[in-house]
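A.B. asks: Next up, protein_36.cif (mmCIF, C-alpha atoms).
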```
data_coords
loop_
_atom_site.label_atom_id
_atom_site.label_comp_id
_atom_site.auth_asym_id
_atom_site.auth_seq_id
_atom_site.Cartn_x
_atom_site.Cartn_y
_atom_site.Cartn_z
CA MET A 1 144.21 258.29 43.68
CA HIS A 2 141.03 259.65 45.16
CA ASP A 3 138.95 257.10 43.27
CA LEU A 4 140.50 254.30 45.30
CA LEU A 5 139.16 255.90 48.43
CA ALA A 6 135.80 256.85 47.01
CA GLY A 7 134.07 254.33 49.18
CA ASP A 8 130.59 252.96 49.00
CA SER A 9 130.05 252.16 45.33
CA LEU A 10 131.05 248.48 45.79
CA PRO A 11 130.36 245.89 44.53
CA VAL A 12 131.14 247.16 41.05
CA HIS A 13 129.57 244.25 39.20
CA PRO A 14 126.07 243.00 39.94
CA ASP A 15 126.52 239.77 41.86
CA PRO A 16 123.08 238.56 42.87
CA LEU A 17 122.36 235.53 45.01
CA VAL A 18 119.87 233.39 43.10
CA ILE A 19 117.85 230.82 45.02
CA ASP A 20 114.93 229.00 43.39
CA GLY A 21 115.01 231.56 40.58
CA VAL A 22 114.68 234.51 42.97
CA SER A 23 117.46 237.08 42.73
CA LEU A 24 118.68 238.82 45.89
CA THR A 25 121.20 241.65 46.04
CA SER A 26 122.09 241.08 49.69
CA ARG A 27 123.86 237.89 50.69
CA LEU A 28 122.95 238.38 54.33
CA ILE A 29 119.86 236.46 55.41
CA MET A 30 118.61 237.57 58.80
CA GLY A 31 116.82 235.69 61.51
CA THR A 32 114.50 237.58 63.81
CA GLY A 33 114.91 235.51 66.98
CA GLY A 34 116.13 237.09 70.19
CA ALA A 35 115.21 240.71 69.55
CA PRO A 36 113.85 242.40 72.68
CA SER A 37 111.49 244.69 70.74
CA GLN A 38 109.91 244.77 67.31
CA GLU A 39 110.91 248.42 66.79
CA GLY A 40 114.57 247.62 67.44
CA LEU A 41 114.32 244.59 65.19
CA GLY A 42 112.96 246.68 62.32
CA ALA A 43 115.86 249.13 62.64
CA ALA A 44 118.42 246.30 62.72
CA LEU A 45 116.88 244.61 59.68
CA ARG A 46 117.01 247.85 57.71
CA ALA A 47 120.64 248.45 58.78
CA SER A 48 121.60 244.91 57.70
CA GLY A 49 120.35 245.48 54.16
CA THR A 50 118.77 242.01 54.21
CA GLU A 51 116.12 241.07 51.67
CA LEU A 52 115.19 237.70 53.17
CA THR A 53 114.35 237.03 56.79
CA THR A 54 113.28 233.98 58.78
CA ILE A 55 110.30 233.79 61.10
CA ALA A 56 108.83 231.01 63.25
CA MET A 57 105.24 229.77 63.47
CA ARG A 58 103.66 229.77 66.92
CA ARG A 59 100.23 229.88 68.56
CA HIS A 60 98.53 233.13 67.62
CA SER A 61 97.99 235.60 70.42
CA ALA A 62 96.51 239.07 70.44
CA THR A 63 99.89 240.52 71.44
CA SER A 64 102.09 238.65 68.95
CA GLY A 65 99.48 239.20 66.28
CA SER A 66 100.44 239.19 62.66
CA SER A 67 102.38 242.38 63.17
CA LEU A 68 105.87 240.94 62.58
CA PHE A 69 104.74 239.60 59.21
CA GLN A 70 103.42 243.08 58.42
CA VAL A 71 106.75 244.73 59.43
CA LEU A 72 108.57 242.49 56.95
CA LEU A 73 106.03 243.16 54.19
CA ASP A 74 106.29 246.90 54.85
CA ASN A 75 110.09 246.75 54.47
CA ASP A 76 109.89 244.69 51.25
CA ILE A 77 111.68 241.82 52.97
CA LEU A 78 110.88 238.31 51.72
CA VAL A 79 109.78 235.84 54.36
CA LEU A 80 111.43 232.49 55.00
CA PRO A 81 109.35 230.58 57.56
CA ASN A 82 111.19 227.97 59.61
CA THR A 83 110.29 224.78 61.42
CA ALA A 84 112.20 225.72 64.58
CA GLY A 85 111.30 223.62 67.59
CA CYS A 86 110.37 220.53 65.56
CA PHE A 87 111.95 217.26 66.66
CA THR A 88 110.39 214.94 64.10
CA ALA A 89 109.79 214.90 60.37
CA ARG A 90 106.03 214.68 61.04
CA GLU A 91 106.00 217.89 63.10
CA ALA A 92 108.23 219.67 60.59
CA VAL A 93 106.04 218.77 57.62
CA LEU A 94 102.85 219.91 59.39
CA THR A 95 104.55 223.15 60.49
CA ALA A 96 105.67 223.77 56.92
CA GLU A 97 102.12 223.19 55.65
CA LEU A 98 100.78 225.71 58.19
CA ALA A 99 103.46 228.25 57.28
CA ARG A 100 102.60 227.90 53.60
CA GLU A 101 98.95 228.43 54.41
CA ALA A 102 99.57 231.46 56.65
CA LEU A 103 102.29 233.23 54.70
CA GLU A 104 101.56 232.16 51.13
CA THR A 105 105.08 230.97 50.34
CA ASP A 106 106.37 227.51 49.53
CA TRP A 107 109.82 228.39 50.84
CA ILE A 108 110.67 226.67 54.11
CA LYS A 109 113.77 226.67 56.27
CA LEU A 110 113.73 223.07 57.42
CA GLU A 111 115.03 222.66 60.92
CA VAL A 112 114.61 219.31 62.67
CA ILE A 113 116.57 219.25 65.88
CA ALA A 114 117.70 216.31 67.95
CA ASP A 115 117.57 217.77 71.45
CA GLU A 116 117.35 221.08 73.26
CA GLN A 117 120.86 220.95 74.68
CA THR A 118 122.71 220.92 71.36
CA LEU A 119 119.94 222.06 68.99
CA LEU A 120 121.88 220.05 66.41
CA PRO A 121 119.98 218.73 63.38
CA ASP A 122 118.74 215.13 63.56
CA ALA A 123 120.09 213.79 60.27
CA VAL A 124 117.61 210.93 59.95
CA GLU A 125 114.51 213.08 60.52
CA LEU A 126 116.00 215.83 58.34
CA VAL A 127 116.39 213.48 55.37
CA GLU A 128 112.88 212.09 55.86
CA ALA A 129 111.34 215.58 56.13
CA THR A 130 113.23 216.86 53.08
CA GLU A 131 111.89 213.99 50.96
CA GLN A 132 108.31 214.59 52.08
CA LEU A 133 108.43 218.36 51.69
CA VAL A 134 109.99 218.23 48.23
CA SER A 135 107.29 215.79 47.12
CA ARG A 136 104.65 218.23 48.40
CA GLY A 137 106.06 221.06 46.33
CA PHE A 138 108.02 222.93 48.99
CA LYS A 139 111.29 224.71 48.28
CA VAL A 140 113.45 223.37 51.07
CA PHE A 141 116.29 225.37 52.64
CA ALA A 142 117.84 222.56 54.66
CA TYR A 143 119.53 223.50 57.93
CA THR A 144 122.13 220.78 58.33
CA ASN A 145 125.19 219.64 60.20
CA ASP A 146 128.57 220.60 58.73
CA ASP A 147 128.68 217.14 57.17
CA PRO A 148 129.72 217.11 53.49
CA VAL A 149 128.03 213.75 52.89
CA LEU A 150 124.71 214.79 54.38
CA ALA A 151 124.79 218.17 52.62
CA LEU A 152 125.20 216.49 49.24
CA ARG A 153 122.46 214.00 50.01
CA LEU A 154 120.03 216.81 50.89
CA GLU A 155 120.83 218.49 47.59
CA HIS A 156 120.17 215.25 45.72
CA LEU A 157 116.83 214.93 47.51
CA GLY A 158 115.83 218.28 46.01
CA ALA A 159 116.76 220.98 48.56
CA VAL A 160 117.08 224.39 46.84
CA ALA A 161 119.78 225.46 49.32
CA VAL A 162 121.85 223.69 51.95
CA MET A 163 122.59 225.54 55.17
CA PRO A 164 125.41 223.99 57.19
CA LEU A 165 125.99 225.25 60.70
CA GLY A 166 129.24 226.94 61.69
CA SER A 167 128.66 225.89 65.31
CA PRO A 168 125.55 225.20 67.41
CA ILE A 169 122.72 227.75 67.33
CA GLY A 170 123.26 230.76 69.56
CA THR A 171 126.77 229.83 70.68
CA GLY A 172 128.65 232.50 68.75
CA LEU A 173 131.57 230.07 68.43
CA GLY A 174 132.01 230.88 64.75
CA ILE A 175 133.03 228.29 62.16
CA LEU A 176 134.46 225.33 64.05
CA ASN A 177 135.29 223.23 61.00
CA PRO A 178 136.25 225.45 58.07
CA HIS A 179 137.59 222.44 56.18
CA ASN A 180 134.16 220.80 56.15
CA ILE A 181 132.50 224.02 54.98
CA ASP A 182 135.11 224.23 52.22
CA LEU A 183 134.32 220.64 51.19
CA ILE A 184 130.57 221.25 51.20
CA VAL A 185 131.00 224.35 49.02
CA SER A 186 133.36 222.66 46.59
CA ARG A 187 130.85 219.88 45.82
CA ALA A 188 127.56 221.79 46.01
CA GLY A 189 125.37 222.50 43.01
CA VAL A 190 122.90 224.62 44.99
CA PRO A 191 123.60 227.72 47.09
CA VAL A 192 125.37 227.07 50.40
CA VAL A 193 124.27 229.31 53.26
CA LEU A 194 126.35 229.30 56.43
CA ASP A 195 123.74 229.17 59.15
CA ALA A 196 124.15 229.29 62.93
CA GLY A 197 127.03 229.92 65.28
CA ILE A 198 128.14 233.26 63.87
CA GLY A 199 129.44 235.51 66.65
CA THR A 200 130.90 238.55 64.99
CA ALA A 201 131.65 240.13 61.63
CA SER A 202 134.87 238.23 60.94
CA ASP A 203 132.98 234.91 61.20
CA ALA A 204 130.66 236.02 58.41
CA ALA A 205 133.58 237.24 56.30
CA LEU A 206 135.30 233.86 56.76
CA ALA A 207 132.16 232.02 55.65
CA MET A 208 132.08 234.04 52.45
CA GLU A 209 135.83 233.62 51.91
CA LEU A 210 135.31 229.86 52.15
CA GLY A 211 132.95 230.21 49.21
CA CYS A 212 129.56 230.19 50.89
CA ASP A 213 126.91 231.96 48.85
CA ALA A 214 125.28 233.67 51.82
CA VAL A 215 125.23 233.85 55.60
CA LEU A 216 122.21 233.48 57.87
CA LEU A 217 122.38 234.86 61.40
CA ALA A 218 120.11 236.22 64.10
CA THR A 219 121.47 236.17 67.64
CA ALA A 220 124.76 237.83 66.72
CA VAL A 221 122.79 240.95 65.79
CA THR A 222 119.66 240.81 67.94
CA ARG A 223 121.58 240.17 71.18
CA ALA A 224 124.53 242.46 70.43
CA GLN A 225 124.80 245.50 72.69
CA ASP A 226 124.13 247.71 69.66
CA PRO A 227 122.13 245.63 67.17
CA VAL A 228 121.93 248.33 64.49
CA ARG A 229 125.69 248.87 64.48
CA MET A 230 126.34 245.12 64.45
CA ALA A 231 123.89 244.71 61.57
CA GLN A 232 125.90 247.29 59.61
CA ALA A 233 129.10 245.40 60.47
CA PHE A 234 127.65 242.17 59.05
CA ARG A 235 126.39 243.92 55.95
CA HIS A 236 129.96 245.02 55.19
CA ALA A 237 131.58 241.76 56.33
CA VAL A 238 129.51 239.69 53.92
CA ILE A 239 130.35 242.01 51.02
CA ALA A 240 134.05 242.02 51.99
CA GLY A 241 134.21 238.24 52.29
CA ARG A 242 132.47 237.76 48.95
CA LEU A 243 134.85 240.17 47.19
CA ALA A 244 137.86 238.47 48.78
CA ALA A 245 136.63 235.03 47.68
CA GLN A 246 136.26 236.28 44.10
CA ALA A 247 139.53 238.22 44.13
CA GLY A 248 141.69 235.14 44.72
CA ARG A 249 143.79 235.29 47.86
CA ILE A 250 147.56 234.84 47.88
CA PRO A 251 148.81 231.38 48.76
CA LYS A 252 150.07 230.88 52.30
CA ARG A 253 153.85 230.38 52.49
CA GLN A 254 156.38 229.33 55.06
CA HIS A 255 158.82 232.21 54.78
CA ALA A 256 158.57 235.93 54.30
CA LEU A 257 158.44 237.47 50.84
CA ALA A 258 159.58 241.08 50.54
CA SER A 259 157.13 243.34 48.81
CA SER A 260 159.72 246.07 48.19
CA ALA A 261 162.27 245.36 45.44
CA MET A 262 165.76 244.38 46.65
CA ASP A 263 167.36 245.87 43.50
CA GLY A 264 168.54 249.44 43.67
CA ARG A 265 169.20 249.54 47.36
CA PRO A 266 171.71 252.29 48.32
CA ASP A 267 175.02 251.58 50.06
CA LEU A 268 174.48 252.96 53.49
CA MET B 269 67.89 217.09 87.28
CA THR B 270 71.55 217.55 86.44
CA GLU B 271 72.67 219.73 83.59
CA SER B 272 75.28 218.21 81.34
CA PRO B 273 78.44 220.31 81.14
CA PRO B 274 78.74 222.49 78.05
CA ALA B 275 80.46 220.92 75.06
CA GLU B 276 84.02 222.12 74.69
CA PHE B 277 86.88 222.08 72.23
CA SER B 278 90.54 222.98 72.64
CA LEU B 279 91.93 226.17 71.12
CA ASN B 280 95.69 226.69 71.34
CA GLY B 281 95.85 224.46 74.40
CA SER B 282 92.92 226.00 76.30
CA ALA B 283 89.40 224.63 76.68
CA ARG B 284 86.73 226.75 75.02
CA VAL B 285 82.96 226.38 75.05
CA LEU B 286 81.69 225.09 71.73
CA VAL B 287 79.20 227.37 70.02
CA SER B 288 76.91 225.05 68.12
CA GLY B 289 77.45 225.31 64.38
CA GLN B 290 80.45 227.66 64.63
CA THR B 291 82.68 227.43 61.58
CA THR B 292 86.44 227.70 61.48
CA ALA B 293 86.05 231.00 59.61
CA GLU B 294 83.92 232.39 62.43
CA LEU B 295 86.47 231.27 65.00
CA VAL B 296 89.32 232.90 63.03
CA ALA B 297 87.26 236.10 62.80
CA ALA B 298 86.66 236.07 66.56
CA ILE B 299 90.36 235.46 67.35
CA SER B 300 91.79 237.94 64.85
CA GLY B 301 89.13 240.64 65.21
CA ARG B 302 88.83 240.81 61.42
CA SER B 303 86.01 239.71 59.20
CA ILE B 304 86.73 236.78 56.91
CA THR B 305 85.51 236.09 53.38
CA ALA B 306 84.21 232.74 52.16
CA GLU B 307 87.65 232.21 50.58
CA GLY B 308 89.38 232.59 53.92
CA THR B 309 90.91 236.01 53.34
CA ALA B 310 90.41 239.19 55.36
CA THR B 311 87.70 241.48 54.01
CA ASP B 312 90.00 244.47 54.64
CA GLY B 313 92.27 243.15 51.87
CA ALA B 314 95.41 242.99 54.04
CA ARG B 315 97.21 239.68 54.49
CA LEU B 316 95.84 237.65 57.38
CA GLY B 317 99.00 235.69 58.22
CA LEU B 318 97.13 232.92 60.06
CA ALA B 319 96.88 229.18 59.61
CA VAL B 320 94.61 226.62 61.25
CA ALA B 321 95.26 223.01 62.20
CA ARG B 322 92.35 220.86 63.35
CA ASN B 323 93.04 217.48 64.93
CA GLY B 324 96.56 217.41 63.54
CA ALA B 325 95.74 218.37 59.95
CA VAL B 326 95.79 221.68 58.11
CA VAL B 327 92.42 223.26 57.39
CA PRO B 328 93.01 225.14 54.12
CA ARG B 329 91.65 228.71 53.98
CA SER B 330 89.20 227.71 51.28
CA GLN B 331 87.65 225.21 53.72
CA TRP B 332 87.36 227.51 56.75
CA SER B 333 83.78 228.58 56.04
CA LYS B 334 82.73 224.96 55.39
CA THR B 335 84.45 223.39 58.39
CA THR B 336 82.18 223.30 61.42
CA LEU B 337 83.83 222.84 64.81
CA GLU B 338 82.88 219.79 66.80
CA GLN B 339 83.07 218.70 70.40
CA ASP B 340 86.59 217.74 71.57
CA ASP B 341 88.25 219.14 68.45
CA VAL B 342 91.86 220.16 69.00
CA VAL B 343 92.37 223.42 67.12
CA GLU B 344 95.61 225.33 66.73
CA ILE B 345 95.69 228.80 65.18
CA LEU B 346 99.22 229.92 64.30
CA SER B 347 100.86 233.12 63.16
CA ALA B 348 104.39 234.31 62.46
CA VAL B 349 106.59 235.29 65.40
CA GLN B 350 110.26 236.18 65.74
CA GLY B 351 112.57 233.24 65.24
CA GLY B 352 115.35 231.52 63.45
#
```
Please rewrite the model in this file as structure tokens.

C.D. replies:
Amino acid sequence: MHDLLAGDSLPVHPDPLVIDGVSLTSRLIMGTGGAPSQEGLGAALRASGTELTTIAMRRHSATSGSSLFQVLLDNDILVLPNTAGCFTAREAVLTAELAREALETDWIKLEVIADEQTLLPDAVELVEATEQLVSRGFKVFAYTNDDPVLALRLEHLGAVAVMPLGSPIGTGLGILNPHNIDLIVSRAGVPVVLDAGIGTASDAALAMELGCDAVLLATAVTRAQDPVRMAQAFRHAVIAGRLAAQAGRIPKRQHALASSAMDGRPDL
Amino acid sequence: MTESPPAEFSLNGSARVLVSGQTTAELVAAISGRSITAEGTATDGARLGLAVARNGAVVPRSQWSKTTLEQDDVVEILSAVQGG
């Protein structure tokens, strides 16, 4: 019986996430936004077990430096630059070009937002930018609405991963439309990464149970009271949700079903 | 006799006096405090992590040493920061 309680050897079978031919052991992709200090961020990233982490491109300053990039390189974490803050396809494409030049990767998390209040993706600009970036040789990770039609269209345009939101960025509202996420997953031929809106560990576990291939989050860790502990929680939640999705859950039923046999009951 | 004001260009949103003949590579070296090869890499061998846009277009690293700054250029030098 002790083997059942042995603990941390899971998962038993190698179960890598493969995106654009790159194999990752961890299915937790971390963002770096919102961390009050770079030291704390480094500790949280290590605790999360992540192997892929997003960064933004901004005007260089002596204080921001290239030091964040160096922290990620030092921790053997792959870099996924984003186009955060871009409102148009034109801005997003130029930002992607600059990120490729600075960081020497053709991976780009494409984010084209409609307005600052919702930070929701602008579908029209997103489609336009995806087309242009794919034609320029980028590997597009498309941050998208939880719209099954749009998600499929982005895949057909050549995105290497589609990343539907659970709820708007930074809200921590979790997955507002699990049915749509389920639909996106069921029709996708590329990895689906649940991105944005995650508040706590159970949200990430739910995303994985719905069949998502990975979860991307930042604020839920970086703005938690104890980011390192929360990062550990997400590390386990993603593994747990993945295992549950593969294990095949019991169907839901209307009435109770006894788990102890009714035969052999004593007369009392 | 009036002196004409010095020629300027814009760097990351701030006006900067144009040094005649200054190349993009020299500007990157001045901003980053590292010396830059003709290929646009750092001579110390470590990754530079910088990109340059000039007048709304990327200046590839390989062109930094051949791209001379001109009056009224709008130059943006970017690096990676926390985000996303």

A.B. asks: May I ask you to extract the residues of chain B within 8 Å of chain A, using only C-alpha atoms, and to give them as a short mmCIF file (atom, residue, chain, number, x, y, z; two decimals) with C-alpha atoms, in the frame of the given file?

C.D. replies:
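This went into result14.cif:
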```
data_model
loop_
_atom_site.label_atom_id
_atom_site.label_comp_id
_atom_site.auth_asym_id
_atom_site.auth_seq_id
_atom_site.Cartn_x
_atom_site.Cartn_y
_atom_site.Cartn_z
CA ASN B 280 95.69 226.69 71.34
CA ILE B 299 90.36 235.46 67.35
CA SER B 300 91.79 237.94 64.85
CA LEU B 316 95.84 237.65 57.38
CA GLY B 317 99.00 235.69 58.22
CA LEU B 318 97.13 232.92 60.06
CA ALA B 319 96.88 229.18 59.61
CA VAL B 320 94.61 226.62 61.25
CA ALA B 321 95.26 223.01 62.20
CA GLY B 324 96.56 217.41 63.54
CA ALA B 325 95.74 218.37 59.95
CA VAL B 326 95.79 221.68 58.11
CA PRO B 328 93.01 225.14 54.12
CA ARG B 329 91.65 228.71 53.98
CA GLU B 344 95.61 225.33 66.73
CA ILE B 345 95.69 228.80 65.18
CA LEU B 346 99.22 229.92 64.30
CA SER B 347 100.86 233.12 63.16
CA ALA B 348 104.39 234.31 62.46
CA VAL B 349 106.59 235.29 65.40
CA GLN B 350 110.26 236.18 65.74
CA GLY B 351 112.57 233.24 65.24
CA GLY B 352 115.35 231.52 63.45
#
```

A.B. asks: I'd like the interatomic distance between atom CA of A:Gly40 and atom CA of B:Arg315, to a tenth of an Å.

C.D. replies: 23.1 Å

A.B. asks: Calculated over all atoms listed in the file, which of the candidates A:Thr130, A:Asn177, A:Ser167, A:Thr144 has the smallest distance to A:Ala89?

C.D. replies: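 Between A:Thr130, A:Asn177, A:Ser167, A:Thr144, the residue approaching A:Ala89 most closely is A:Thr130.
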
A.B. asks: Using all atoms listed in the file and a cutoff of 12 Å, can you tell me which residues are near (90.9, 224.6, 72.7) in the file's coordinates, and write them out as a PyMOL selection string?

C.D. replies: (chain A and resi 59) or (chain B and resi 275-286+295+321-323+337-345)

A.B. asks: Which is closer to A:Glu131 than all the others in A:Val149, A:Ala233, A:Ile108, A:Ala159, using all atoms listed in the file?

C.D. replies: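 Between A:Val149, A:Ala233, A:Ile108, A:Ala159, the residue approaching A:Glu131 most closely is A:Ala159.
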
A.B. asks: Quick one, how far is atom CA of A:Leu110 from atom CA of A:Val140?

C.D. replies: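 Between atom CA of A:Leu110 and atom CA of A:Val140 the gap is 6.4 Å.
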
A.B. asks: What would the selection look like, as an NGL selection string, if the PyMOL selection byres ((chain A and resi 120-123) around 12) were run on the coordinates I just shared?

C.D. replies: :A and (83-89 or 92 or 110-119 or 124-130 or 142-147 or 149-151 or 153-154 or 163-171 or 195-197)
